[in-house]
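One structure is given here, and the rest of the page talks about it.
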Amino acid sequence: MFGKIEQTTVIILSFTIALIGMLGSLFFSEVMSFIPCSLCWYQRIFLYPLVFIFLVNLLYPDEKVYKYTFPLVVIGFIIAVYHNLLVYKVIPETISPCVQGVPCSTTYINWFGFVTIPLLSLIAYGAILVLLILGKKGKFKDEK
């Protein structure tokens, strides 16, 4: 369906998405002065290392990159799903881990009436997850 893509392309795209996510989160907190909630911090904890792992893999290609990045992406994705369920009021705020500081359901941005910071995180983690699955399943061209 997607055709075959090179492993290098998977890593470059994953690196780009992770880098944009990292820079975007730093922009929102440092430039716009949006205080991150607990779930935002957890998502950052799993996103930031991906930038460096993908960068190192671009410099020194290794098939084990999937083994190192997949757990980080899956955990970050699960946290992002949970965070979005809180923001969109699918689950109640009472079961939120945000007991101090900023509530996890705080909406700093609301582009087009539905795009929030947690949704941007979910999209980033989802895209990286799809790329890693396609790359791991060998859906890339024979490299010579």
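We label chains A, B, ... in the order they appear in the structure tokens, count residues from 1 in each chain, and number ligands from 1 in the order shown.
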
Report as JSON lines: every residue of region 13-120 of chain A with an atom at most 12 Å from region 129-138 of chain A, its closest pair of atoms, and their distance in Å to one decimal, counting only C-alpha atoms, with rows sorted by chain and ascending residue number.
{"residue": "A:Leu13", "atom": "CA", "partner": "A:Leu131", "partner_atom": "CA", "distance": 7.9}
{"residue": "A:Ser14", "atom": "CA", "partner": "A:Leu131", "partner_atom": "CA", "distance": 6.9}
{"residue": "A:Phe15", "atom": "CA", "partner": "A:Leu131", "partner_atom": "CA", "distance": 10.7}
{"residue": "A:Thr16", "atom": "CA", "partner": "A:Leu131", "partner_atom": "CA", "distance": 11.8}
{"residue": "A:Ile17", "atom": "CA", "partner": "A:Leu131", "partner_atom": "CA", "distance": 10.5}
{"residue": "A:Ala18", "atom": "CA", "partner": "A:Leu129", "partner_atom": "CA", "distance": 11.2}
{"residue": "A:Leu47", "atom": "CA", "partner": "A:Leu129", "partner_atom": "CA", "distance": 11.9}
{"residue": "A:Leu50", "atom": "CA", "partner": "A:Leu129", "partner_atom": "CA", "distance": 11.7}
{"residue": "A:Phe54", "atom": "CA", "partner": "A:Leu132", "partner_atom": "CA", "distance": 11.2}
{"residue": "A:Glu63", "atom": "CA", "partner": "A:Lys136", "partner_atom": "CA", "distance": 8.7}
{"residue": "A:Lys64", "atom": "CA", "partner": "A:Lys136", "partner_atom": "CA", "distance": 9.8}
{"residue": "A:Val65", "atom": "CA", "partner": "A:Leu132", "partner_atom": "CA", "distance": 9.3}
{"residue": "A:Tyr66", "atom": "CA", "partner": "A:Leu132", "partner_atom": "CA", "distance": 6.6}
{"residue": "A:Lys67", "atom": "CA", "partner": "A:Lys136", "partner_atom": "CA", "distance": 9.4}
{"residue": "A:Tyr68", "atom": "CA", "partner": "A:Leu132", "partner_atom": "CA", "distance": 11.0}
{"residue": "A:Thr69", "atom": "CA", "partner": "A:Leu132", "partner_atom": "CA", "distance": 8.4}
{"residue": "A:Phe70", "atom": "CA", "partner": "A:Leu132", "partner_atom": "CA", "distance": 7.2}
{"residue": "A:Pro71", "atom": "CA", "partner": "A:Leu129", "partner_atom": "CA", "distance": 9.9}
{"residue": "A:Leu72", "atom": "CA", "partner": "A:Leu129", "partner_atom": "CA", "distance": 9.8}
{"residue": "A:Val73", "atom": "CA", "partner": "A:Leu129", "partner_atom": "CA", "distance": 6.3}
{"residue": "A:Val74", "atom": "CA", "partner": "A:Leu129", "partner_atom": "CA", "distance": 7.2}
{"residue": "A:Ile75", "atom": "CA", "partner": "A:Leu129", "partner_atom": "CA", "distance": 10.6}
{"residue": "A:Gly76", "atom": "CA", "partner": "A:Leu129", "partner_atom": "CA", "distance": 10.0}
{"residue": "A:Phe77", "atom": "CA", "partner": "A:Leu129", "partner_atom": "CA", "distance": 8.1}
{"residue": "A:Ile78", "atom": "CA", "partner": "A:Leu129", "partner_atom": "CA", "distance": 11.2}

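Interatomic distance, CA of Ile53 (chain A) to CA of Ile11 (chain A): 9.7 Å.
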
Report task. Tell me which protein, DNA and RNA residues are within 8 Å of Pro36 (chain A), counting only C-alpha atoms, leaving out same-chain ones fewer than 5 positions away, and put them as an NGL selection string. Result -> :A and (29 or 41 or 102)

Leaving out Met22 (chain A) and any residue of its chain fewer than 6 positions from it, which residues lie within 9 Å of it when counting only C-alpha atoms, given as an mmCIF file with C-alpha atoms, in the first residue's frame?
data_model
loop_
_atom_site.group_PDB
_atom_site.id
_atom_site.type_symbol
_atom_site.label_atom_id
_atom_site.label_comp_id
_atom_site.auth_asym_id
_atom_site.auth_seq_id
_atom_site.Cartn_x
_atom_site.Cartn_y
_atom_site.Cartn_z
ATOM 1 C CA ARG A 44 8.775 15.076 26.793
ATOM 2 C CA LEU A 47 10.351 12.273 23.079
ATOM 3 C CA TYR A 48 13.620 14.127 23.680
ATOM 4 C CA VAL A 51 15.990 13.053 18.647
#

Report task. Based on DSSP run over this structure's backbone, return all residues of region 46-143 of chain A in helix (DSSP H, G or I), as a PyMOL selection string. Result -> chain A and resi 46-59+65-87+93-95+117-136

Report task. Go ahead and compute the interatomic distance for CA of Gln43 (chain A) and CA of Asn57 (chain A), in Å to one decimal. Result -> 21.7 Å

Query raised in the report: Mind pulling up the distance from CA of Leu122 (chain A) to CA of Leu59 (chain A)?
Result: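 Straight-line distance from CA of Leu59 (chain A) to CA of Leu122 (chain A) works out to 27.3 Å.
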